[in-house]
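Structure file upload.cif (mmCIF, C-alpha atoms) follows.
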```cif
data_protein
#
loop_
_atom_site.label_atom_id
_atom_site.label_comp_id
_atom_site.auth_asym_id
_atom_site.auth_seq_id
_atom_site.Cartn_x
_atom_site.Cartn_y
_atom_site.Cartn_z
CA MET A 1 -27.13 49.60 5.01
CA PRO A 2 -29.70 46.88 4.17
CA GLU A 3 -28.62 43.79 2.25
CA THR A 4 -29.25 43.90 -1.48
CA GLN A 5 -30.97 40.83 -2.89
CA PRO A 6 -29.45 39.15 -5.95
CA VAL A 7 -30.81 40.06 -9.35
CA GLU A 8 -33.91 38.21 -10.57
CA GLU A 9 -32.17 35.85 -13.00
CA SER A 10 -29.82 34.64 -10.24
CA ARG A 11 -32.52 33.67 -7.78
CA LEU A 12 -33.48 30.12 -6.90
CA SER A 13 -36.43 28.48 -8.60
CA ASP A 14 -39.71 28.03 -6.71
CA GLU A 15 -38.92 24.32 -6.27
CA GLU A 16 -35.46 25.10 -4.88
CA VAL A 17 -36.93 27.67 -2.48
CA LYS A 18 -39.35 25.02 -1.20
CA SER A 19 -36.47 22.60 -0.66
CA LEU A 20 -34.74 25.17 1.59
CA GLU A 21 -37.34 24.52 4.27
CA SER A 22 -36.64 20.79 4.05
CA VAL A 23 -32.93 21.39 4.55
CA LYS A 24 -33.63 23.68 7.50
CA THR A 25 -35.80 20.98 9.06
CA ALA A 26 -33.15 18.30 8.42
CA THR A 27 -30.49 20.50 10.01
CA GLY A 28 -32.63 20.83 13.12
CA LYS A 29 -33.09 17.06 13.24
CA ILE A 30 -29.32 16.51 12.96
CA ARG A 31 -28.76 18.87 15.88
CA SER A 32 -31.45 17.01 17.83
CA GLU A 33 -29.94 13.58 17.12
CA LEU A 34 -26.45 14.71 18.10
CA SER A 35 -27.78 16.24 21.31
CA LYS A 36 -28.68 12.70 22.41
CA ILE A 37 -24.96 11.97 22.71
CA ILE A 38 -23.14 15.32 22.62
CA VAL A 39 -23.90 17.91 25.29
CA GLY A 40 -23.49 21.52 24.18
CA GLN A 41 -20.96 22.36 21.41
CA GLY A 42 -23.77 23.69 19.20
CA GLU A 43 -21.52 26.04 17.25
CA VAL A 44 -18.99 23.26 16.59
CA ILE A 45 -21.73 20.93 15.31
CA ASP A 46 -23.12 23.65 13.02
CA GLN A 47 -19.69 24.24 11.52
CA LEU A 48 -19.23 20.52 10.85
CA VAL A 49 -22.61 20.29 9.12
CA MET A 50 -21.81 23.46 7.18
CA GLY A 51 -18.58 21.88 5.98
CA ILE A 52 -20.37 18.74 4.81
CA PHE A 53 -23.02 20.74 2.96
CA SER A 54 -20.20 22.76 1.29
CA GLN A 55 -18.15 19.70 0.26
CA GLY A 56 -15.45 20.88 2.64
CA HIS A 57 -13.21 19.14 5.16
CA CYS A 58 -12.95 20.15 8.82
CA LEU A 59 -10.11 20.10 11.33
CA LEU A 60 -11.11 19.98 15.00
CA GLU A 61 -8.59 21.08 17.61
CA GLY A 62 -8.90 20.65 21.35
CA VAL A 63 -7.25 19.01 24.32
CA PRO A 64 -7.91 15.29 24.93
CA GLY A 65 -11.23 14.33 26.47
CA LEU A 66 -13.52 16.89 24.82
CA ALA A 67 -15.44 14.28 22.78
CA LYS A 68 -14.01 15.33 19.40
CA THR A 69 -13.89 11.74 18.16
CA LEU A 70 -17.32 10.95 19.58
CA MET A 71 -18.75 14.04 17.91
CA VAL A 72 -17.51 13.02 14.46
CA SER A 73 -18.62 9.39 14.77
CA THR A 74 -22.05 10.49 16.03
CA LEU A 75 -22.40 12.92 13.13
CA ALA A 76 -21.67 10.05 10.74
CA LYS A 77 -24.43 8.00 12.38
CA SER A 78 -26.91 10.84 11.82
CA MET A 79 -26.31 10.42 8.09
CA LYS A 80 -26.63 7.21 6.08
CA LEU A 81 -22.97 7.23 5.06
CA ASP A 82 -20.08 4.79 5.14
CA PHE A 83 -17.80 5.73 8.03
CA SER A 84 -14.14 4.89 8.50
CA ARG A 85 -11.80 5.78 11.34
CA VAL A 86 -8.02 6.00 10.99
CA GLN A 87 -6.02 6.30 14.20
CA PHE A 88 -2.95 8.35 13.32
CA THR A 89 0.16 7.12 15.13
CA PRO A 90 3.90 7.77 14.64
CA ASP A 91 4.37 4.43 12.84
CA LEU A 92 1.43 4.83 10.43
CA MET A 93 2.45 4.55 6.76
CA PRO A 94 0.75 6.22 3.74
CA SER A 95 -0.33 2.84 2.36
CA ASP A 96 -2.12 2.14 5.64
CA ILE A 97 -4.49 4.96 4.65
CA THR A 98 -4.78 4.81 0.87
CA GLY A 99 -4.34 1.08 0.30
CA THR A 100 -1.72 -0.93 -1.57
CA GLU A 101 -1.19 -3.26 -4.50
CA VAL A 102 -0.55 -6.95 -3.86
CA ILE A 103 0.46 -9.74 -6.23
CA GLN A 104 -2.34 -12.24 -6.72
CA GLU A 105 -2.01 -15.54 -8.54
CA ASP A 106 -4.84 -16.94 -10.65
CA LYS A 107 -5.47 -20.51 -9.40
CA LEU A 108 -6.50 -21.76 -12.85
CA SER A 109 -3.92 -20.18 -15.14
CA GLY A 110 -1.15 -19.58 -12.64
CA ALA A 111 -0.78 -16.04 -13.99
CA ARG A 112 0.17 -13.36 -11.51
CA GLU A 113 -1.16 -9.82 -11.49
CA PHE A 114 -1.32 -6.82 -9.21
CA ARG A 115 -4.59 -6.26 -7.35
CA PHE A 116 -5.40 -3.06 -5.49
CA ILE A 117 -6.54 -3.48 -1.89
CA GLN A 118 -8.51 -0.42 -0.80
CA GLY A 119 -7.46 1.36 2.37
CA PRO A 120 -9.78 2.89 4.99
CA ILE A 121 -9.92 6.13 3.04
CA PHE A 122 -12.51 4.57 0.72
CA ALA A 123 -15.55 5.68 2.69
CA ASN A 124 -17.89 8.69 2.75
CA ILE A 125 -16.75 10.13 6.07
CA ILE A 126 -13.15 9.65 7.20
CA LEU A 127 -12.25 10.35 10.80
CA ALA A 128 -8.55 11.16 10.83
CA ASP A 129 -8.12 10.82 14.57
CA GLU A 130 -5.22 12.78 16.13
CA ILE A 131 -3.86 13.60 12.69
CA ASN A 132 -0.91 15.54 14.08
CA ARG A 133 0.52 12.52 15.90
CA THR A 134 1.85 11.07 12.64
CA PRO A 135 4.84 12.43 10.66
CA PRO A 136 4.28 14.82 7.70
CA LYS A 137 5.04 12.05 5.18
CA THR A 138 1.94 10.16 6.25
CA GLN A 139 -0.13 13.32 6.64
CA ALA A 140 0.67 14.10 3.00
CA ALA A 141 -1.10 10.89 1.94
CA LEU A 142 -4.36 12.80 2.39
CA LEU A 143 -3.47 15.72 0.10
CA GLU A 144 -4.62 14.19 -3.20
CA ALA A 145 -7.65 12.57 -1.61
CA MET A 146 -8.86 15.82 -0.02
CA GLN A 147 -8.37 17.96 -3.13
CA GLU A 148 -8.97 15.60 -6.07
CA ARG A 149 -11.17 13.05 -4.25
CA GLN A 150 -9.07 10.23 -5.62
CA VAL A 151 -5.90 8.30 -4.79
CA THR A 152 -3.19 7.29 -7.25
CA ILE A 153 -1.48 3.95 -6.66
CA GLY A 154 1.02 2.51 -9.13
CA GLY A 155 0.02 5.09 -11.73
CA THR A 156 -3.66 4.13 -11.54
CA ARG A 157 -6.26 6.58 -10.27
CA HIS A 158 -8.91 5.26 -7.92
CA PRO A 159 -11.92 7.58 -7.39
CA LEU A 160 -13.25 7.93 -3.86
CA PRO A 161 -16.94 7.58 -2.93
CA ASP A 162 -19.22 10.57 -3.31
CA PRO A 163 -19.89 12.35 -1.00
CA PHE A 164 -16.45 12.33 0.62
CA PHE A 165 -15.33 14.23 3.72
CA VAL A 166 -12.29 14.21 5.96
CA LEU A 167 -13.07 15.26 9.52
CA ALA A 168 -9.77 15.33 11.37
CA THR A 169 -9.02 15.86 15.05
CA GLN A 170 -5.80 17.12 16.51
CA ASN A 171 -4.38 18.02 19.87
CA PRO A 172 -2.88 21.49 20.40
CA ILE A 173 0.67 21.63 19.05
CA GLU A 174 1.94 22.30 22.56
CA GLN A 175 1.03 18.71 23.45
CA GLU A 176 3.95 16.29 23.59
CA GLY A 177 4.37 13.93 20.64
CA THR A 178 2.67 16.07 17.99
CA TYR A 179 3.80 17.31 14.57
CA THR A 180 2.72 20.63 13.11
CA LEU A 181 0.55 20.14 10.03
CA PRO A 182 2.20 21.63 6.91
CA GLU A 183 0.54 24.77 5.54
CA ALA A 184 -0.47 22.92 2.35
CA GLN A 185 -2.22 20.29 4.44
CA GLN A 186 -4.02 22.85 6.62
CA ASP A 187 -5.17 24.79 3.56
CA ARG A 188 -7.11 21.72 2.38
CA PHE A 189 -9.40 22.06 5.39
CA MET A 190 -12.33 24.41 4.93
CA PHE A 191 -12.70 25.05 8.68
CA LYS A 192 -10.41 24.81 11.64
CA VAL A 193 -12.82 24.35 14.52
CA PHE A 194 -11.80 24.98 18.13
CA VAL A 195 -13.42 22.64 20.64
CA ASP A 196 -13.35 24.26 24.07
CA TYR A 197 -14.15 23.04 27.56
CA PRO A 198 -17.90 22.78 28.32
CA ASP A 199 -19.48 25.26 30.71
CA TYR A 200 -20.52 24.21 34.24
CA ASP A 201 -24.09 23.15 33.42
CA ASP A 202 -23.06 21.18 30.33
CA GLU A 203 -20.26 19.43 32.21
CA TYR A 204 -22.71 18.51 34.98
CA GLN A 205 -25.01 16.97 32.37
CA ILE A 206 -22.06 15.11 30.81
CA ALA A 207 -21.06 13.69 34.19
CA ALA A 208 -24.63 12.61 34.98
CA SER A 209 -25.44 11.06 31.59
CA THR A 210 -22.17 9.22 30.93
CA THR A 211 -22.10 7.53 34.32
CA SER A 212 -25.62 6.11 34.15
CA ALA A 213 -26.93 2.92 32.56
CA VAL A 214 -29.11 4.81 30.09
CA SER A 215 -27.92 4.85 26.47
CA SER A 216 -29.31 6.62 23.42
CA GLU A 217 -29.45 5.57 19.78
CA VAL A 218 -28.89 8.08 16.98
CA ASP A 219 -31.22 7.90 13.98
CA ALA A 220 -30.06 8.70 10.45
CA VAL A 221 -31.53 11.93 9.06
CA LEU A 222 -30.01 12.28 5.58
CA SER A 223 -28.87 9.75 2.99
CA ALA A 224 -25.90 10.09 0.63
CA ASP A 225 -28.15 11.11 -2.29
CA GLU A 226 -29.93 13.70 -0.15
CA ILE A 227 -26.60 15.19 0.93
CA LEU A 228 -25.51 15.42 -2.70
CA ASP A 229 -28.76 17.27 -3.46
CA VAL A 230 -28.07 19.71 -0.62
CA GLN A 231 -24.55 20.30 -1.94
CA LYS A 232 -25.97 21.14 -5.37
CA LEU A 233 -28.49 23.49 -3.75
CA VAL A 234 -25.72 25.26 -1.83
CA ARG A 235 -23.87 25.88 -5.10
CA ARG A 236 -27.04 27.35 -6.62
CA VAL A 237 -27.62 29.85 -3.80
CA PRO A 238 -26.89 33.35 -5.16
CA VAL A 239 -24.59 35.81 -3.43
CA PRO A 240 -24.93 39.59 -3.90
CA ALA A 241 -21.91 41.20 -5.57
CA HIS A 242 -21.07 43.36 -2.54
CA VAL A 243 -20.83 40.23 -0.34
CA ILE A 244 -18.29 38.66 -2.71
CA HIS A 245 -16.32 41.92 -2.78
CA TYR A 246 -16.31 42.02 1.04
CA ALA A 247 -15.05 38.43 1.32
CA LEU A 248 -12.34 39.22 -1.20
CA ARG A 249 -11.26 42.40 0.61
CA LEU A 250 -11.17 40.53 3.92
CA VAL A 251 -8.83 37.87 2.57
CA ARG A 252 -6.61 40.28 0.64
CA ALA A 253 -6.25 42.43 3.77
CA THR A 254 -4.24 39.58 5.35
CA ARG A 255 -1.56 39.60 2.63
CA VAL A 256 1.27 41.78 3.82
CA SER A 257 3.15 41.52 0.51
CA GLN A 258 0.33 43.19 -1.41
CA GLY A 259 0.87 46.50 0.34
CA ASP A 260 -2.72 47.73 0.40
CA VAL A 261 -3.53 46.41 3.88
CA PRO A 262 -4.61 48.03 7.17
CA ASP A 263 -1.75 49.64 9.14
CA PHE A 264 -1.72 47.03 11.92
CA VAL A 265 -1.47 43.98 9.62
CA PRO A 266 2.32 44.08 8.82
CA ASP A 267 3.06 44.18 12.53
CA LEU A 268 0.83 41.19 13.34
CA LEU A 269 0.95 38.91 10.29
CA SER A 270 3.87 37.37 8.42
CA TRP A 271 1.75 35.37 5.98
CA GLY A 272 -1.74 35.83 4.59
CA ALA A 273 -4.53 33.63 3.29
CA GLY A 274 -4.71 32.29 -0.26
CA PRO A 275 -7.54 32.10 -2.82
CA ARG A 276 -9.11 29.04 -1.16
CA ALA A 277 -10.05 31.28 1.76
CA VAL A 278 -12.29 33.42 -0.48
CA GLN A 279 -13.88 30.33 -2.00
CA TYR A 280 -14.63 28.83 1.41
CA LEU A 281 -15.97 32.11 2.79
CA ILE A 282 -18.48 32.25 -0.06
CA LEU A 283 -19.38 28.54 0.07
CA GLY A 284 -19.67 28.61 3.86
CA ALA A 285 -21.92 31.67 3.70
CA LYS A 286 -24.12 29.89 1.17
CA ALA A 287 -24.30 26.75 3.33
CA LYS A 288 -25.18 28.80 6.41
CA ALA A 289 -27.99 30.48 4.50
CA VAL A 290 -29.34 27.11 3.33
CA MET A 291 -29.21 25.65 6.85
CA GLU A 292 -31.30 28.59 8.04
CA GLY A 293 -33.76 28.31 5.14
CA ARG A 294 -32.69 31.54 3.42
CA SER A 295 -32.43 31.95 -0.35
CA PHE A 296 -29.28 34.09 -0.50
CA ALA A 297 -26.13 34.73 1.53
CA THR A 298 -25.38 37.95 3.42
CA LEU A 299 -22.46 39.87 4.87
CA GLU A 300 -23.33 38.52 8.31
CA ASP A 301 -22.94 34.96 7.01
CA VAL A 302 -19.41 35.75 5.81
CA LYS A 303 -18.51 37.40 9.11
CA ALA A 304 -19.90 34.49 11.13
CA ILE A 305 -17.55 31.96 9.52
CA SER A 306 -14.52 34.19 9.00
CA LYS A 307 -12.57 32.89 12.00
CA PRO A 308 -12.83 29.14 11.33
CA VAL A 309 -12.00 29.80 7.66
CA LEU A 310 -9.03 32.14 8.24
CA ARG A 311 -7.46 31.13 11.56
CA HIS A 312 -5.32 28.34 10.06
CA ARG A 313 -4.49 30.23 6.88
CA ILE A 314 -2.75 33.25 8.39
CA ILE A 315 0.52 33.20 10.33
CA THR A 316 1.13 35.68 13.12
CA THR A 317 4.48 37.39 13.69
CA PHE A 318 6.74 36.94 16.70
CA ASN A 319 5.62 40.37 17.89
CA ALA A 320 1.98 39.25 17.87
CA GLU A 321 2.78 36.00 19.67
CA SER A 322 4.82 37.78 22.33
CA ASN A 323 1.79 39.97 23.04
CA ASN A 324 -0.58 36.97 23.09
CA ILE A 325 -2.35 38.17 19.94
CA THR A 326 -3.84 35.21 18.10
CA SER A 327 -4.96 34.82 14.51
CA ASP A 328 -8.56 35.12 15.74
CA ASP A 329 -7.69 38.48 17.32
CA VAL A 330 -6.33 39.69 13.97
CA VAL A 331 -9.50 38.59 12.17
CA THR A 332 -11.57 40.43 14.78
CA GLN A 333 -9.63 43.63 14.12
CA LEU A 334 -10.08 43.22 10.37
CA LEU A 335 -13.83 42.80 10.77
CA GLU A 336 -13.91 46.00 12.81
CA LYS A 337 -11.75 48.05 10.44
CA LEU A 338 -12.84 46.99 6.95
CA PRO A 339 -15.78 48.89 5.42
CA GLU A 340 -18.74 46.61 4.82
CA ARG A 341 -19.59 48.17 1.50
CA ARG A 342 -18.23 50.50 -1.16
CA GLU A 343 -19.98 52.11 -4.12
CA GLN A 344 -18.29 49.84 -6.66
CA ASP A 345 -19.27 46.73 -4.66
CA ASP A 346 -22.69 46.67 -6.31
CA VAL A 347 -20.94 45.79 -9.57
CA ALA A 348 -20.43 42.11 -10.38
CA PRO A 349 -16.86 41.00 -9.47
CA GLU A 350 -15.83 40.42 -13.10
CA LEU A 351 -16.88 44.00 -13.94
CA ALA A 352 -15.28 45.72 -10.95
CA PRO A 353 -11.88 46.46 -12.64
CA ALA A 354 -13.62 48.24 -15.53
CA PHE A 355 -15.78 50.16 -13.06
CA ASN A 356 -12.71 51.31 -11.11
CA ALA A 357 -10.87 52.29 -14.30
CA ALA A 358 -13.80 54.39 -15.43
#
```
Do you think you could lay out the structure here as structure tokens?
Amino acid sequence: MPETQPVEESRLSDEEVKSLESVKTATGKIRSELSKIIVGQGEVIDQLVMGIFSQGHCLLEGVPGLAKTLMVSTLAKSMKLDFSRVQFTPDLMPSDITGTEVIQEDKLSGAREFRFIQGPIFANIILADEINRTPPKTQAALLEAMQERQVTIGGTRHPLPDPFFVLATQNPIEQEGTYTLPEAQQDRFMFKVFVDYPDYDDEYQIAASTTSAVSSEVDAVLSADEILDVQKLVRRVPVPAHVIHYALRLVRATRVSQGDVPDFVPDLLSWGAGPRAVQYLILGAKAKAVMEGRSFATLEDVKAISKPVLRHRIITTFNAESNNITSDDVVTQLLEKLPERREQDDVAPELAPAFNAA
């Protein structure tokens, strides 16, 4: 069934439609700049850019040596943003991230007062490197910053710069010396991005380029103000009602406790995704549309980002794990089983209950 365009009053203005082409061009330039340093990993890079355009945070997982850290630092260079790297270690304390208050004495009056010393989190892009190598107490220092975009020290709130993103890397939990991120911490991340081994040709290019004397410089493509404008544009992109209904059905189908789920779900999932998953599916679909120069989001946009949005928000059962069924496998089955559209899906979400009751 063809996609239905949003109603006339929800469409972007002519000026906003023109700006879509500029964003599409900028996205291509970002990919081009990163390709100077990063070989392959196109899908990973797109998901990181999508997260930034959606005001979301990203968690990258992969074994050591796959250039996760290099990818994030290079992305920061392609944008005119303040960049800060925090190396997460077992002895890292929360104040090492957020900052701390120190007593300072006035040389003239001799009066003493507390002065807040900002931590590395006060930057536009934060690289939380190997975030799962520090205990949960320190990981929790990021919770307020990621959700509220502020830190509270000594009862005083300190706003963080805008835009603000946390791009974290972690090693697989099977690696020695790692701590599993709490569910509340994982839920703050819009995407969980898997970074896999490069294919043969890409790895050949990596070996050739990184062992030569030739180096490349990355040019900045977007400024902080331009990124903020893109974020506003993403929020303005309309989404047809049936796309919102589909995203909602997809997320609710993971919740075993709600009863109305596909037959295979109770056997494979012990915990489902929360409301943030729906929000990020819609925002990610909007960002994907903007990056491709389109004026509204589609079902295919939602499907394309469903795995990075859902994989860290659903918990598989022991039965699924014993049969090597991953959370991505469950999402794949849901995409295959769920109907793309129902008759009542053409009704705006806030009107759907009344439509069903009628």
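Proximity to Val221 of chain A was assessed for A:Asn324, A:Ser54, A:Thr74, A:Asn319 counting all atoms listed in the file; the smallest distance is recorded for A:Thr74.
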Could you give me, as a tab-separated table, every segment 15-94 of chain A residue with an atom at most 12 Å from segment 139-148 of chain A, plus its closest atom pair and distance in Å to one decimal, counting all atoms listed in the file, rows ordered by chain then number?
```
residue	atom	partner	partner_atom	distance
A:Gln55	CA	A:Met146	CA	10.1
A:Gly56	CA	A:Met146	CA	8.7
A:His57	CA	A:Met146	CA	7.5
A:Cys58	CA	A:Met146	CA	10.7
A:Val86	CA	A:Leu142	CA	11.6
A:Gln87	CA	A:Gln139	CA	11.9
A:Phe88	CA	A:Gln139	CA	8.8
A:Thr89	CA	A:Gln139	CA	10.5
A:Pro90	CA	A:Gln139	CA	10.5
A:Asp91	CA	A:Gln139	CA	11.7
A:Leu92	CA	A:Gln139	CA	9.4
A:Met93	CA	A:Ala141	CA	8.7
A:Pro94	CA	A:Ala141	CA	5.3
```
Picked residues, the PyMOL selection byres ((chain A and resi 131) around 10), expected as a count of residues only: 27
Would you mind listing what lies within 8 Å of Ile282 of chain A as a list of chain:residue names, with only C-alpha atoms counted and same-chain residues fewer than 5 positions away left out?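 So, after excluding close chain neighbours, the residues are A:Val239, A:Ile244, A:Ala247, A:Val302.
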On this structure, the PyMOL selection byres ((chain A and resi 333-335) around 10) would catch which residues? List them as a list in words, sorted by chain and number.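 That expression, the PyMOL selection byres ((chain A and resi 333-335) around 10), corresponds here to Arg249, Leu250, Val251, Ala253, Thr254, Val261, Pro262, Phe264, Val265, Lys303, Ser306, Ser327, Asp328, Asp329, Val330, Val331, Thr332, Glu336, Lys337, Leu338, Pro339 and Glu340 of chain A.
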Please determine, counting only C-alpha atoms, which residue among A:Phe296, A:Tyr197, A:Phe318, A:Phe83 has the shortest atom-to-atom distance to Pro163 of chain A.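 For Pro163 of chain A, the nearest of the candidates is A:Phe83.
This file gives the following result for the PyMOL selection byres ((chain A and resi 219) around 12): A:Ala26, A:Lys29, A:Ile30, A:Arg31, A:Ser32, A:Glu33, A:Leu34, A:Ser35, A:Lys36, A:Ile37, A:Thr74, A:Leu75, A:Ala76, A:Lys77, A:Ser78, A:Met79, A:Lys80, A:Ser216, A:Glu217, A:Val218, A:Ala220, A:Val221, A:Leu222, A:Ser223.
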Pick from A:Glu21, A:Asp196, A:Glu300, A:Glu292, whichever lies nearest to Lys68 of chain A using all atoms listed in the file: A:Asp196
Residue among A:Arg149, A:Lys24, A:Lys286, A:Arg157 lying closest to Gln231 of chain A, counting all atoms listed in the file: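 Looking at the shortest contact to Gln231 of chain A, the residue is A:Lys286.
Rounded to one decimal, atom CA of Val243 of chain A and atom CA of Ala297 of chain A lie 7.9 Å from each other.
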Shell of 12 Å around Val17 of chain A, only C-alpha atoms, local chain residues under 5 positions omitted, as a PyMOL selection string: chain A and resi 11-12+22-24+233-234+236-238+289-290+292-296
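Remark: for Thr298 of chain A, the closest of the candidate residues A:Val214, A:Arg112, A:Ala123, A:Tyr246 is A:Tyr246 (distances computed over all atoms listed in the file).
Proximity ranking of A:Val195, A:Leu248, A:Ile126, A:Ala304 relative to Gln41 of chain A places A:Val195 first, based on all atoms listed in the file.
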Figure out the distance between atom CA of Ile38 of chain A and atom CA of Ser209 of chain A, please, to one decimal in Å. 10.2 Å
For segment 307-320 of chain A, where the input has fewer atoms than it should, I would like N, CA and C atoms rebuilt and written as an mmCIF file, keeping the file's coordinate frame.
```
data_model
loop_
_atom_site.group_PDB
_atom_site.id
_atom_site.type_symbol
_atom_site.label_atom_id
_atom_site.label_comp_id
_atom_site.auth_asym_id
_atom_site.auth_seq_id
_atom_site.Cartn_x
_atom_site.Cartn_y
_atom_site.Cartn_z
ATOM 1 N N LYS A 307 -13.640 33.412 11.136
ATOM 2 C CA LYS A 307 -12.570 32.890 12.000
ATOM 3 C C LYS A 307 -12.227 31.436 11.704
ATOM 4 N N PRO A 308 -13.200 30.521 11.653
ATOM 5 C CA PRO A 308 -12.830 29.140 11.330
ATOM 6 C C PRO A 308 -12.248 28.973 9.929
ATOM 7 N N VAL A 309 -12.565 29.881 9.003
ATOM 8 C CA VAL A 309 -12.000 29.800 7.660
ATOM 9 C C VAL A 309 -10.576 30.361 7.623
ATOM 10 N N LEU A 310 -10.310 31.428 8.365
ATOM 11 C CA LEU A 310 -9.030 32.140 8.240
ATOM 12 C C LEU A 310 -7.989 31.767 9.291
ATOM 13 N N ARG A 311 -8.407 31.264 10.447
ATOM 14 C CA ARG A 311 -7.460 31.130 11.560
ATOM 15 C C ARG A 311 -6.268 30.221 11.257
ATOM 16 N N HIS A 312 -6.427 29.241 10.383
ATOM 17 C CA HIS A 312 -5.320 28.340 10.060
ATOM 18 C C HIS A 312 -4.647 28.702 8.741
ATOM 19 N N ARG A 313 -5.077 29.816 8.149
ATOM 20 C CA ARG A 313 -4.490 30.230 6.880
ATOM 21 C C ARG A 313 -3.628 31.481 7.000
ATOM 22 N N ILE A 314 -3.603 32.080 8.170
ATOM 23 C CA ILE A 314 -2.750 33.250 8.390
ATOM 24 C C ILE A 314 -1.759 32.917 9.500
ATOM 25 N N ILE A 315 -0.550 33.474 9.373
ATOM 26 C CA ILE A 315 0.520 33.200 10.330
ATOM 27 C C ILE A 315 0.893 34.495 11.031
ATOM 28 N N THR A 316 0.818 34.478 12.341
ATOM 29 C CA THR A 316 1.130 35.680 13.120
ATOM 30 C C THR A 316 2.645 35.849 13.276
ATOM 31 N N THR A 317 3.066 37.083 13.503
ATOM 32 C CA THR A 317 4.480 37.390 13.690
ATOM 33 C C THR A 317 4.911 37.093 15.131
ATOM 34 N N PHE A 318 6.215 37.139 15.349
ATOM 35 C CA PHE A 318 6.740 36.940 16.700
ATOM 36 C C PHE A 318 6.222 38.044 17.625
ATOM 37 N N ASN A 319 6.114 39.255 17.091
ATOM 38 C CA ASN A 319 5.620 40.370 17.890
ATOM 39 C C ASN A 319 4.194 40.105 18.375
ATOM 40 N N ALA A 320 3.352 39.574 17.478
ATOM 41 C CA ALA A 320 1.980 39.250 17.870
ATOM 42 C C ALA A 320 1.952 38.152 18.918
#
```
